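Asks: Take this structure, written in structure tokens, and hold onto it; I'll ask about it next.
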Amino acid sequence: MIQTQGKPHAISSSEPMQVYWAEIVEIVREAPNVSTFWLQFIDTHLREGYHFKAGQFNMLLVPGLGEVAISISSDMENTRRIGHTIRSAGNVTSTINRMNVGDMLGVRGPFGNWWSLEDCVGRDIVVAAGGIGLPPIRPVLYYIMHHRRDFGKVIVLYGARTPNDLQFTREYKAWQDAGIELQVTVDRGDDSWDGRVGVVPILFYNTRLDPKNTVILTCGPEIMIRFVIFEALARRVPPERIYISLERNMKCGLGSCGHCQVGPYFVCKDGPVFSFDKLQPYVNVEEF
Amino acid sequence: MAEIQLSVGSIVALAKAGLEKLLANLQQMGYRVLGPQIQDGAIVYGPLKNIADLPKGYVSEQDAATYRLVYRGHRRYFDVTPGAQSWKQFFFPSFSELASYKRDERGRWQTEEQEPDLTPLALFGVFPCDLAAIQIQDRIFLREEWKDPIYWTRRQSTFIMAVDCLHPCGTGFCASMGTGPKANPGYDLRLTELEDVFLVEIGSESGRMVMAGVSVLPTSAFWLQAAQKGLEEANTKMGRVLPNQQELPELLLNNLDAQQWDDVARRCMSCSSCTQVCPTCFCWDTRDSIDLTGKAARRERVWDSCFNPDYSYIVGGNTRPNTRSRYRQWLTHKFGSWYAQFGTSGCVGCGRCITWCPAKIDVTAELSALREEVQP
């Protein structure tokens with residue numbers, strides 16, 4: 001039986017713009033320019049009281065520089081430390097990637113909706129992720145490992161630019177031991193790579209799935225998402241069981257600042273996770 | 001003469017000279033009174049000290065990319081329709097501090113406590129379109145699950161004196177949007193300005209209290225008829241119409257690839273004027289700064305616009321890199337997806353975006369051109 005933790009607990013739902021301070025307690029290097037930053041709240045009550053759901057994100061503040069929306073990549077059933085896997089990309093993420101254990105970040109959150117684990121129960125799950133698109137789905141993998149019998153077949157299709165860019169490699173064995181099938185591909189191999197070369201959607205060609213009983217969870221570059229949807233639809237997975245986590249410019253997390261709009265949706269509030277039927281009218285509109 | 005008992009809903013007449021007393025009452029009750037006044041040849045909103053500050057005797061001439069104040073010398077205080085400014089600047093300022101942070105002696109960041117300014121505001125002369133705009137922004141910033149603290153601090157005890165719009169502007173289409181020329185409920189007082197008197201409707205208990213000691217007259221059939229006639233005429237006098245606005249969400253969101261978007265993109269300069277003058281546009285950005293010691297940081301909130309290149313920027317690309325997609329975002333949001341988000345159109349028909357567009361782009365014309373293209 002699936003344990004839902006009730007409504008996720010925003011650290012202060014009445015003042016969601018207020019920042020709570022957290023200390024970086026551990027930094028784990030995942031790939032070049034990508035590390036997982038483990039945060040612990042300074043406030044001891046928050047350490048106990050903070051909960052999130054798989055797929056939600058926090059706004060992380062570097063004072064004086066700005067905030068950035070980062071998905072939580074850790075286990076929602078163990079929240080004493082919260083993991084954020086961050087790639088150096090813009091000003092804020094690059095600065096965070098230069099920080100050390102003991103440095104502080106401001107945290108607001110969690111924001112957004114979450115992967116529908118309820119919809120996954122009893123079904124097969126195909127996770128299709130590219131690059132930094134895997135961290136937002138990692139909480140689902142933790143959950144599956146804790147509650148493996150609630151789900152059918154679980155297949156992770158993961159790709160990165162090069163073998164070096166593959167994240168969480170030291171966890172692959174644990175995933176596989178827990179009964180998660182893993183297929184990995186890279187855009188470009190190197191001398192030591194004897195695995196597959198190619199983009200994530202081609203991994204569908206080696207995957208047998210039962211369209212009536214499969215849920216797709218995908219996150220990554222938008223071009224990859226587009227082709228994952230194409231492959232899933234071609235295999236007759238219904239649009240409402242293809243879940244996508246979108247990335248947009250976000251400044252508030254509340255559907256207030258306006259930046260993340262896609263048609264009627266605020267990605268920060270109505271997303272970041274959408275079932276494909278909701279996005280269908282907009283995915284093929286250029287620059288919408 | 002027996003004193004007239006006022007209650008919420010009653011309508012009385014107020015001699016023009018009585019406006020002074022009304023203003024004085026608001027000031028004495030501790031309100032910071034804000035009203036229309038002339039500055040640099042345009043109507044702006046600011047602290048109102050005397051009735052003489054009001055733009056009595058003026059009208060405004062407005063058309064696409066045209067705004068001019070003209071002195072007519074009549075005795076009416078509220079004939080001038082608004083300029084570029086709207087009341088949103090007081091609740092959702094173009095610039096406000098979100099938070100400031102300091103490092104303590106151990107170098108740890110601490111959030112500084114802020115003391116909000118709770119002085120209540122009184123808006124002295126809100127046109128129906130702008131009252132509707134305030135109510136739309138209320139839906140955005142004051143939600144069941146979350147009230148924007150900056151907005152709520154200023155908005156919660158605001159007194160609104162609405163004024164019916166008997167001399168509508170050349171670019172407005174409030175009648176099409178159902179927001180005017182008569183003010184919809186949501187005011188504390190509603191004034192209809194006639195030649196010799198104001199008709200005053202008490203809209204709330206605060207409105208009743210503010211009228212204490214203001215000498216009023218009973219209304220007469222003549223005045224009531226004059227007001228009625230004035231509003232009926234105003235309905236037909238405004239410069240623009242926007243037919244069937246309820247159909248716009250479907251029209252816009254089903255035609256995201258129309259030719260008309262290319263056409264308007266050739267004229268639009270992506271300058272963001274329309275979004276800055278729009279009384280309902282709510283997008284904002286944050287700005288962060290730090291002092292030279294590295295020990296004190298600030299976060300500020302500023303107005304943003306869907307026409308700004310950075311607006312949709314994410315690492316790896318810009319969702320809307322050109323004017324075509326930005327204009328389409330503004331129009332489909334304002335007249336279309338706003339309904340799904342907030343249960344109302346995002347437009348009140350005030351006409352500001354038409355008046356203040358340097359390229360003379362007229363939303364009503366753009367929408368009819370789109371309609372003609374796809375429903376020939």
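Letters A, B, ... mark the chains of the structure tokens in the order given; residue numbers begin at 1 per chain; ligand numbers begin at 1, in order shown.
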Write down as a PDB file with N, CA and C atoms, in the first residue's frame the residues belonging to segment 9-240 of chain A that are assigned helix (DSSP H, G or I) by DSSP computed on the backbone.
Replies:
ATOM      1  N   THR A  44      16.342  24.083  13.940  1.00  0.00           N
ATOM      2  CA  THR A  44      16.199  22.652  14.209  1.00  0.00           C
ATOM      3  C   THR A  44      14.760  22.171  14.017  1.00  0.00           C
ATOM      4  N   HIS A  45      13.782  23.042  14.218  1.00  0.00           N
ATOM      5  CA  HIS A  45      12.392  22.634  13.984  1.00  0.00           C
ATOM      6  C   HIS A  45      12.150  22.320  12.508  1.00  0.00           C
ATOM      7  N   LEU A  46      12.797  23.131  11.660  1.00  0.00           N
ATOM      8  CA  LEU A  46      12.620  22.903  10.226  1.00  0.00           C
ATOM      9  C   LEU A  46      13.227  21.575   9.803  1.00  0.00           C
ATOM     10  N   ARG A  47      14.333  21.209  10.428  1.00  0.00           N
ATOM     11  CA  ARG A  47      14.959  19.924  10.090  1.00  0.00           C
ATOM     12  C   ARG A  47      13.954  18.795  10.264  1.00  0.00           C
ATOM     13  N   GLU A  48      13.125  18.909  11.308  1.00  0.00           N
ATOM     14  CA  GLU A  48      12.112  17.876  11.562  1.00  0.00           C
ATOM     15  C   GLU A  48      10.891  18.085  10.676  1.00  0.00           C
ATOM     16  N   GLY A  49      10.554  19.336  10.474  1.00  0.00           N
ATOM     17  CA  GLY A  49       9.237  19.632   9.909  1.00  0.00           C
ATOM     18  C   GLY A  49       9.184  19.767   8.404  1.00  0.00           C
ATOM     19  N   ASN A  91      24.893  32.327 -13.394  1.00  0.00           N
ATOM     20  CA  ASN A  91      25.635  32.956 -12.299  1.00  0.00           C
ATOM     21  C   ASN A  91      25.456  32.242 -10.971  1.00  0.00           C
ATOM     22  N   VAL A  92      24.199  31.994 -10.629  1.00  0.00           N
ATOM     23  CA  VAL A  92      23.909  31.473  -9.297  1.00  0.00           C
ATOM     24  C   VAL A  92      24.389  30.028  -9.172  1.00  0.00           C
ATOM     25  N   THR A  93      24.071  29.199 -10.171  1.00  0.00           N
ATOM     26  CA  THR A  93      24.476  27.794 -10.070  1.00  0.00           C
ATOM     27  C   THR A  93      26.001  27.653 -10.104  1.00  0.00           C
ATOM     28  N   SER A  94      26.670  28.528 -10.860  1.00  0.00           N
ATOM     29  CA  SER A  94      28.138  28.453 -10.884  1.00  0.00           C
ATOM     30  C   SER A  94      28.713  28.848  -9.537  1.00  0.00           C
ATOM     31  N   THR A  95      28.102  29.857  -8.912  1.00  0.00           N
ATOM     32  CA  THR A  95      28.578  30.277  -7.597  1.00  0.00           C
ATOM     33  C   THR A  95      28.366  29.169  -6.572  1.00  0.00           C
ATOM     34  N   ILE A  96      27.200  28.555  -6.605  1.00  0.00           N
ATOM     35  CA  ILE A  96      26.941  27.466  -5.654  1.00  0.00           C
ATOM     36  C   ILE A  96      27.976  26.361  -5.858  1.00  0.00           C
ATOM     37  N   ASN A  97      28.295  26.092  -7.114  1.00  0.00           N
ATOM     38  CA  ASN A  97      29.262  25.029  -7.384  1.00  0.00           C
ATOM     39  C   ASN A  97      30.675  25.374  -6.922  1.00  0.00           C
ATOM     40  N   LEU A 117       2.860   9.395  -8.065  1.00  0.00           N
ATOM     41  CA  LEU A 117       3.187   8.023  -7.679  1.00  0.00           C
ATOM     42  C   LEU A 117       1.918   7.185  -7.563  1.00  0.00           C
ATOM     43  N   GLU A 118       0.817   7.845  -7.199  1.00  0.00           N
ATOM     44  CA  GLU A 118      -0.473   7.147  -7.121  1.00  0.00           C
ATOM     45  C   GLU A 118      -0.791   6.481  -8.457  1.00  0.00           C
ATOM     46  N   ASP A 119      -0.483   7.204  -9.551  1.00  0.00           N
ATOM     47  CA  ASP A 119      -0.777   6.697 -10.880  1.00  0.00           C
ATOM     48  C   ASP A 119       0.193   5.572 -11.276  1.00  0.00           C
ATOM     49  N   CYS A 120       1.353   5.520 -10.591  1.00  0.00           N
ATOM     50  CA  CYS A 120       2.366   4.518 -10.932  1.00  0.00           C
ATOM     51  C   CYS A 120       2.121   3.185 -10.235  1.00  0.00           C
ATOM     52  N   GLY A 131      20.789  13.957 -19.101  1.00  0.00           N
ATOM     53  CA  GLY A 131      21.659  14.899 -18.410  1.00  0.00           C
ATOM     54  C   GLY A 131      21.150  15.280 -17.037  1.00  0.00           C
ATOM     55  N   ILE A 132      20.975  16.584 -16.827  1.00  0.00           N
ATOM     56  CA  ILE A 132      20.540  17.105 -15.535  1.00  0.00           C
ATOM     57  C   ILE A 132      19.032  16.891 -15.332  1.00  0.00           C
ATOM     58  N   GLY A 133      18.402  16.169 -16.253  1.00  0.00           N
ATOM     59  CA  GLY A 133      16.987  15.812 -16.110  1.00  0.00           C
ATOM     60  C   GLY A 133      16.759  14.624 -15.191  1.00  0.00           C
ATOM     61  N   PRO A 135      18.150  14.190 -11.916  1.00  0.00           N
ATOM     62  CA  PRO A 135      17.943  14.541 -10.500  1.00  0.00           C
ATOM     63  C   PRO A 135      16.481  14.777 -10.100  1.00  0.00           C
ATOM     64  N   PRO A 136      15.649  15.448 -10.908  1.00  0.00           N
ATOM     65  CA  PRO A 136      14.254  15.641 -10.480  1.00  0.00           C
ATOM     66  C   PRO A 136      13.472  14.335 -10.371  1.00  0.00           C
ATOM     67  N   ILE A 137      13.986  13.258 -11.006  1.00  0.00           N
ATOM     68  CA  ILE A 137      13.272  11.975 -10.936  1.00  0.00           C
ATOM     69  C   ILE A 137      13.902  11.064  -9.888  1.00  0.00           C
ATOM     70  N   ARG A 138      15.098  11.411  -9.406  1.00  0.00           N
ATOM     71  CA  ARG A 138      15.766  10.510  -8.460  1.00  0.00           C
ATOM     72  C   ARG A 138      14.932  10.234  -7.205  1.00  0.00           C
ATOM     73  N   PRO A 139      14.175  11.231  -6.678  1.00  0.00           N
ATOM     74  CA  PRO A 139      13.333  10.903  -5.513  1.00  0.00           C
ATOM     75  C   PRO A 139      12.353   9.770  -5.797  1.00  0.00           C
ATOM     76  N   VAL A 140      11.921   9.640  -7.056  1.00  0.00           N
ATOM     77  CA  VAL A 140      11.024   8.545  -7.417  1.00  0.00           C
ATOM     78  C   VAL A 140      11.767   7.216  -7.299  1.00  0.00           C
ATOM     79  N   LEU A 141      13.035   7.214  -7.725  1.00  0.00           N
ATOM     80  CA  LEU A 141      13.816   5.969  -7.644  1.00  0.00           C
ATOM     81  C   LEU A 141      14.008   5.545  -6.186  1.00  0.00           C
ATOM     82  N   TYR A 142      14.283   6.517  -5.312  1.00  0.00           N
ATOM     83  CA  TYR A 142      14.372   6.191  -3.884  1.00  0.00           C
ATOM     84  C   TYR A 142      13.077   5.556  -3.414  1.00  0.00           C
ATOM     85  N   TYR A 143      11.979   6.172  -3.804  1.00  0.00           N
ATOM     86  CA  TYR A 143      10.686   5.684  -3.335  1.00  0.00           C
ATOM     87  C   TYR A 143      10.429   4.265  -3.834  1.00  0.00           C
ATOM     88  N   ILE A 144      10.764   4.060  -5.110  1.00  0.00           N
ATOM     89  CA  ILE A 144      10.554   2.726  -5.682  1.00  0.00           C
ATOM     90  C   ILE A 144      11.391   1.698  -4.924  1.00  0.00           C
ATOM     91  N   MET A 145      12.638   2.054  -4.587  1.00  0.00           N
ATOM     92  CA  MET A 145      13.493   1.101  -3.870  1.00  0.00           C
ATOM     93  C   MET A 145      12.910   0.764  -2.496  1.00  0.00           C
ATOM     94  N   HIS A 146      12.294   1.769  -1.841  1.00  0.00           N
ATOM     95  CA  HIS A 146      11.702   1.490  -0.524  1.00  0.00           C
ATOM     96  C   HIS A 146      10.405   0.688  -0.636  1.00  0.00           C
ATOM     97  N   ARG A 148       9.334  -1.375  -3.439  1.00  0.00           N
ATOM     98  CA  ARG A 148       9.478  -2.003  -4.744  1.00  0.00           C
ATOM     99  C   ARG A 148       8.262  -2.821  -5.153  1.00  0.00           C
ATOM    100  N   ARG A 149       7.608  -3.460  -4.195  1.00  0.00           N
ATOM    101  CA  ARG A 149       6.525  -4.379  -4.549  1.00  0.00           C
ATOM    102  C   ARG A 149       5.253  -3.655  -4.996  1.00  0.00           C
ATOM    103  N   ASP A 150       5.220  -2.344  -4.769  1.00  0.00           N
ATOM    104  CA  ASP A 150       4.033  -1.590  -5.205  1.00  0.00           C
ATOM    105  C   ASP A 150       4.002  -1.377  -6.712  1.00  0.00           C
ATOM    106  N   PRO A 163      30.463   9.679 -21.350  1.00  0.00           N
ATOM    107  CA  PRO A 163      30.453   8.780 -20.179  1.00  0.00           C
ATOM    108  C   PRO A 163      30.774   9.530 -18.885  1.00  0.00           C
ATOM    109  N   ASN A 164      31.648  10.523 -18.985  1.00  0.00           N
ATOM    110  CA  ASN A 164      31.999  11.325 -17.820  1.00  0.00           C
ATOM    111  C   ASN A 164      30.822  12.097 -17.247  1.00  0.00           C
ATOM    112  N   ASP A 165      29.871  12.459 -18.108  1.00  0.00           N
ATOM    113  CA  ASP A 165      28.741  13.292 -17.694  1.00  0.00           C
ATOM    114  C   ASP A 165      27.607  12.497 -17.057  1.00  0.00           C
ATOM    115  N   THR A 169      26.515   7.507 -10.982  1.00  0.00           N
ATOM    116  CA  THR A 169      26.990   6.205 -11.447  1.00  0.00           C
ATOM    117  C   THR A 169      27.225   5.231 -10.290  1.00  0.00           C
ATOM    118  N   ARG A 170      27.649   5.770  -9.133  1.00  0.00           N
ATOM    119  CA  ARG A 170      27.939   4.834  -8.042  1.00  0.00           C
ATOM    120  C   ARG A 170      26.660   4.244  -7.443  1.00  0.00           C
ATOM    121  N   GLU A 171      25.495   4.746  -7.879  1.00  0.00           N
ATOM    122  CA  GLU A 171      24.242   4.185  -7.353  1.00  0.00           C
ATOM    123  C   GLU A 171      23.616   3.166  -8.294  1.00  0.00           C
ATOM    124  N   TYR A 172      24.182   3.012  -9.504  1.00  0.00           N
ATOM    125  CA  TYR A 172      23.527   2.154 -10.495  1.00  0.00           C
ATOM    126  C   TYR A 172      23.332   0.731  -9.992  1.00  0.00           C
ATOM    127  N   LYS A 173      24.372   0.247  -9.264  1.00  0.00           N
ATOM    128  CA  LYS A 173      24.297  -1.136  -8.811  1.00  0.00           C
ATOM    129  C   LYS A 173      23.148  -1.312  -7.815  1.00  0.00           C
ATOM    130  N   ALA A 174      23.014  -0.345  -6.925  1.00  0.00           N
ATOM    131  CA  ALA A 174      21.929  -0.423  -5.939  1.00  0.00           C
ATOM    132  C   ALA A 174      20.568  -0.397  -6.631  1.00  0.00           C
ATOM    133  N   TRP A 175      20.456   0.425  -7.660  1.00  0.00           N
ATOM    134  CA  TRP A 175      19.179   0.464  -8.396  1.00  0.00           C
ATOM    135  C   TRP A 175      18.894  -0.899  -9.006  1.00  0.00           C
ATOM    136  N   GLN A 176      19.941  -1.448  -9.656  1.00  0.00           N
ATOM    137  CA  GLN A 176      19.745  -2.730 -10.337  1.00  0.00           C
ATOM    138  C   GLN A 176      19.454  -3.841  -9.328  1.00  0.00           C
ATOM    139  N   ASP A 177      20.146  -3.795  -8.197  1.00  0.00           N
ATOM    140  CA  ASP A 177      19.905  -4.798  -7.166  1.00  0.00           C
ATOM    141  C   ASP A 177      18.473  -4.718  -6.647  1.00  0.00           C
ATOM    142  N   VAL A 200      18.624   9.416 -26.049  1.00  0.00           N
ATOM    143  CA  VAL A 200      17.751   8.661 -25.135  1.00  0.00           C
ATOM    144  C   VAL A 200      16.551   8.008 -25.841  1.00  0.00           C
ATOM    145  N   PRO A 201      15.861   8.729 -26.744  1.00  0.00           N
ATOM    146  CA  PRO A 201      14.656   8.104 -27.318  1.00  0.00           C
ATOM    147  C   PRO A 201      14.928   6.769 -28.022  1.00  0.00           C
ATOM    148  N   ILE A 202      16.164   6.572 -28.544  1.00  0.00           N
ATOM    149  CA  ILE A 202      16.414   5.290 -29.228  1.00  0.00           C
ATOM    150  C   ILE A 202      16.391   4.115 -28.259  1.00  0.00           C
ATOM    151  N   LEU A 203      16.560   4.395 -26.959  1.00  0.00           N
ATOM    152  CA  LEU A 203      16.529   3.307 -25.983  1.00  0.00           C
ATOM    153  C   LEU A 203      15.158   2.640 -25.943  1.00  0.00           C
ATOM    154  N   PHE A 204      14.144   3.351 -26.437  1.00  0.00           N
ATOM    155  CA  PHE A 204      12.811   2.747 -26.503  1.00  0.00           C
ATOM    156  C   PHE A 204      12.799   1.537 -27.439  1.00  0.00           C
ATOM    157  N   TYR A 205      13.726   1.520 -28.427  1.00  0.00           N
ATOM    158  CA  TYR A 205      13.705   0.424 -29.394  1.00  0.00           C
ATOM    159  C   TYR A 205      14.038  -0.911 -28.743  1.00  0.00           C
ATOM    160  N   ASN A 206      14.792  -0.882 -27.619  1.00  0.00           N
ATOM    161  CA  ASN A 206      15.147  -2.134 -26.944  1.00  0.00           C
ATOM    162  C   ASN A 206      14.193  -2.423 -25.800  1.00  0.00           C
ATOM    163  N   PRO A 211       1.565  -0.946 -23.256  1.00  0.00           N
ATOM    164  CA  PRO A 211       1.012   0.409 -23.271  1.00  0.00           C
ATOM    165  C   PRO A 211      -0.183   0.583 -22.337  1.00  0.00           C
ATOM    166  N   LYS A 212      -0.912  -0.485 -22.091  1.00  0.00           N
ATOM    167  CA  LYS A 212      -2.104  -0.339 -21.237  1.00  0.00           C
ATOM    168  C   LYS A 212      -1.725  -0.179 -19.780  1.00  0.00           C
ATOM    169  N   ASN A 213      -0.487  -0.516 -19.466  1.00  0.00           N
ATOM    170  CA  ASN A 213      -0.137  -0.573 -18.049  1.00  0.00           C
ATOM    171  C   ASN A 213       1.198   0.117 -17.759  1.00  0.00           C
ATOM    172  N   GLU A 222      14.450  19.845 -23.859  1.00  0.00           N
ATOM    173  CA  GLU A 222      13.114  19.802 -24.456  1.00  0.00           C
ATOM    174  C   GLU A 222      13.067  18.999 -25.753  1.00  0.00           C
ATOM    175  N   ILE A 223      14.153  19.031 -26.477  1.00  0.00           N
ATOM    176  CA  ILE A 223      14.171  18.285 -27.732  1.00  0.00           C
ATOM    177  C   ILE A 223      14.106  16.779 -27.461  1.00  0.00           C
ATOM    178  N   MET A 224      14.760  16.355 -26.372  1.00  0.00           N
ATOM    179  CA  MET A 224      14.693  14.943 -25.992  1.00  0.00           C
ATOM    180  C   MET A 224      13.272  14.576 -25.564  1.00  0.00           C
ATOM    181  N   ILE A 225      12.684  15.465 -24.744  1.00  0.00           N
ATOM    182  CA  ILE A 225      11.321  15.214 -24.253  1.00  0.00           C
ATOM    183  C   ILE A 225      10.367  15.021 -25.429  1.00  0.00           C
ATOM    184  N   ARG A 226      10.524  15.876 -26.432  1.00  0.00           N
ATOM    185  CA  ARG A 226       9.676  15.813 -27.612  1.00  0.00           C
ATOM    186  C   ARG A 226       9.718  14.421 -28.262  1.00  0.00           C
ATOM    187  N   PHE A 227      10.937  13.885 -28.383  1.00  0.00           N
ATOM    188  CA  PHE A 227      11.063  12.576 -29.041  1.00  0.00           C
ATOM    189  C   PHE A 227      10.694  11.429 -28.114  1.00  0.00           C
ATOM    190  N   VAL A 228      10.866  11.609 -26.822  1.00  0.00           N
ATOM    191  CA  VAL A 228      10.389  10.594 -25.876  1.00  0.00           C
ATOM    192  C   VAL A 228       8.868  10.483 -25.984  1.00  0.00           C
ATOM    193  N   ILE A 229       8.209  11.645 -26.050  1.00  0.00           N
ATOM    194  CA  ILE A 229       6.747  11.644 -26.196  1.00  0.00           C
ATOM    195  C   ILE A 229       6.361  10.929 -27.494  1.00  0.00           C
ATOM    196  N   PHE A 230       7.099  11.240 -28.556  1.00  0.00           N
ATOM    197  CA  PHE A 230       6.826  10.629 -29.857  1.00  0.00           C
ATOM    198  C   PHE A 230       6.911   9.104 -29.768  1.00  0.00           C
ATOM    199  N   GLU A 231       7.994   8.623 -29.137  1.00  0.00           N
ATOM    200  CA  GLU A 231       8.183   7.169 -29.023  1.00  0.00           C
ATOM    201  C   GLU A 231       7.101   6.546 -28.146  1.00  0.00           C
ATOM    202  N   ALA A 232       6.746   7.236 -27.071  1.00  0.00           N
ATOM    203  CA  ALA A 232       5.738   6.688 -26.157  1.00  0.00           C
ATOM    204  C   ALA A 232       4.376   6.625 -26.846  1.00  0.00           C
ATOM    205  N   LEU A 233       4.028   7.696 -27.568  1.00  0.00           N
ATOM    206  CA  LEU A 233       2.740   7.713 -28.263  1.00  0.00           C
ATOM    207  C   LEU A 233       2.712   6.642 -29.356  1.00  0.00           C
ATOM    208  N   ALA A 234       3.866   6.477 -30.026  1.00  0.00           N
ATOM    209  CA  ALA A 234       3.935   5.477 -31.092  1.00  0.00           C
ATOM    210  C   ALA A 234       3.674   4.079 -30.535  1.00  0.00           C
ATOM    211  N   PRO A 239      -1.753   9.621 -23.618  1.00  0.00           N
ATOM    212  CA  PRO A 239      -1.138  10.908 -23.260  1.00  0.00           C
ATOM    213  C   PRO A 239      -1.221  11.221 -21.774  1.00  0.00           C
ATOM    214  N   GLU A 240      -2.304  10.811 -21.116  1.00  0.00           N
ATOM    215  CA  GLU A 240      -2.445  11.189 -19.703  1.00  0.00           C
ATOM    216  C   GLU A 240      -1.538  10.374 -18.784  1.00  0.00           C
TER     217      GLU A 240
END
Asks: As number ranges by chain, could you give me every residue of chain B near chain A (at most 9 Å apart, counting only C-alpha atoms)?
Replies: B: 98-101, 108-111, 140-141, 145-149, 253-254, 256-257, 282-291, 294, 296-299, 304-306, 311-316, 318-322, 325-326, 328-329, 332-333, 336-341
Asks: Can you write out the residues you just picked, keeping C-alpha atoms, as a PDB file, in the first residue's frame?
Replies:
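Saved file result.pdb follows:
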ATOM      1  CA  LEU B  98      11.665  42.271  -0.727  1.00  0.00           C
ATOM      2  CA  ALA B  99      14.207  41.599   1.973  1.00  0.00           C
ATOM      3  CA  SER B 100      17.615  42.499   3.291  1.00  0.00           C
ATOM      4  CA  TYR B 101      20.178  40.205   4.822  1.00  0.00           C
ATOM      5  CA  ARG B 108      26.184  33.558   9.031  1.00  0.00           C
ATOM      6  CA  TRP B 109      23.392  35.201   7.078  1.00  0.00           C
ATOM      7  CA  GLN B 110      20.464  36.622   9.011  1.00  0.00           C
ATOM      8  CA  THR B 111      17.266  38.080   7.599  1.00  0.00           C
ATOM      9  CA  ILE B 140      -3.490  37.847  -8.487  1.00  0.00           C
ATOM     10  CA  PHE B 141      -1.894  39.111  -5.292  1.00  0.00           C
ATOM     11  CA  GLU B 145      -3.564  30.285  -0.065  1.00  0.00           C
ATOM     12  CA  TRP B 146      -1.237  33.278  -0.142  1.00  0.00           C
ATOM     13  CA  LYS B 147      -1.387  37.050   0.155  1.00  0.00           C
ATOM     14  CA  ASP B 148       1.491  39.009  -1.310  1.00  0.00           C
ATOM     15  CA  PRO B 149       2.773  40.900   1.743  1.00  0.00           C
ATOM     16  CA  LEU B 253      -5.375  29.960 -28.177  1.00  0.00           C
ATOM     17  CA  ASN B 254      -6.608  28.115 -31.250  1.00  0.00           C
ATOM     18  CA  LEU B 256      -1.218  30.569 -32.315  1.00  0.00           C
ATOM     19  CA  ASP B 257       0.189  30.171 -35.827  1.00  0.00           C
ATOM     20  CA  PHE B 282       1.631  41.953 -12.831  1.00  0.00           C
ATOM     21  CA  CYS B 283       4.905  40.366 -13.927  1.00  0.00           C
ATOM     22  CA  TRP B 284       7.856  41.096 -11.725  1.00  0.00           C
ATOM     23  CA  ASP B 285      11.514  40.335 -11.504  1.00  0.00           C
ATOM     24  CA  THR B 286      13.979  40.269  -8.639  1.00  0.00           C
ATOM     25  CA  ARG B 287      17.211  42.205  -8.321  1.00  0.00           C
ATOM     26  CA  ASP B 288      19.930  41.278  -5.914  1.00  0.00           C
ATOM     27  CA  SER B 289      22.755  43.445  -4.682  1.00  0.00           C
ATOM     28  CA  ILE B 290      25.463  43.214  -2.087  1.00  0.00           C
ATOM     29  CA  ASP B 291      27.551  45.925  -0.465  1.00  0.00           C
ATOM     30  CA  GLY B 294      30.090  41.424   1.320  1.00  0.00           C
ATOM     31  CA  ALA B 296      24.882  43.088   3.652  1.00  0.00           C
ATOM     32  CA  ALA B 297      22.661  42.045   0.770  1.00  0.00           C
ATOM     33  CA  ARG B 298      19.317  43.211  -0.560  1.00  0.00           C
ATOM     34  CA  ARG B 299      16.574  41.714  -2.698  1.00  0.00           C
ATOM     35  CA  ASP B 304       9.095  43.071 -15.528  1.00  0.00           C
ATOM     36  CA  SER B 305       7.523  42.644 -18.938  1.00  0.00           C
ATOM     37  CA  CYS B 306       6.926  39.706 -21.253  1.00  0.00           C
ATOM     38  CA  TYR B 311      11.872  37.410 -19.429  1.00  0.00           C
ATOM     39  CA  SER B 312      11.835  33.853 -20.727  1.00  0.00           C
ATOM     40  CA  TYR B 313      15.577  33.256 -20.500  1.00  0.00           C
ATOM     41  CA  ILE B 314      16.798  29.924 -19.251  1.00  0.00           C
ATOM     42  CA  VAL B 315      20.257  28.518 -19.613  1.00  0.00           C
ATOM     43  CA  GLY B 316      20.490  27.047 -23.041  1.00  0.00           C
ATOM     44  CA  ASN B 318      15.247  31.870 -24.608  1.00  0.00           C
ATOM     45  CA  THR B 319      11.732  30.480 -24.902  1.00  0.00           C
ATOM     46  CA  ARG B 320      10.531  33.554 -26.793  1.00  0.00           C
ATOM     47  CA  PRO B 321      13.509  34.980 -28.644  1.00  0.00           C
ATOM     48  CA  ASN B 322      11.621  37.334 -30.959  1.00  0.00           C
ATOM     49  CA  SER B 325       6.343  35.270 -29.847  1.00  0.00           C
ATOM     50  CA  ARG B 326       6.463  38.014 -27.222  1.00  0.00           C
ATOM     51  CA  ARG B 328       1.605  36.738 -28.993  1.00  0.00           C
ATOM     52  CA  GLN B 329       2.330  35.944 -25.336  1.00  0.00           C
ATOM     53  CA  THR B 332      -3.015  35.602 -25.656  1.00  0.00           C
ATOM     54  CA  HIS B 333      -2.378  36.019 -21.952  1.00  0.00           C
ATOM     55  CA  GLY B 336      -7.134  34.510 -23.355  1.00  0.00           C
ATOM     56  CA  SER B 337      -5.298  32.413 -20.789  1.00  0.00           C
ATOM     57  CA  TRP B 338      -6.007  34.992 -18.064  1.00  0.00           C
ATOM     58  CA  TYR B 339      -9.506  33.484 -17.850  1.00  0.00           C
ATOM     59  CA  ALA B 340      -8.112  30.036 -17.028  1.00  0.00           C
ATOM     60  CA  GLN B 341      -5.723  31.507 -14.469  1.00  0.00           C
TER      61      GLN B 341
END
Asks: Write out as a VMD selection string all residues of segment 3-190 of chain B that DSSP puts in strand (DSSP E) for this structure's backbone.
Replies: chain B and resid 11 to 15 32 to 39 42 to 47 58 to 63 66 to 71 95 to 103 109 to 111 121 to 126 159 to 163 189 to 190
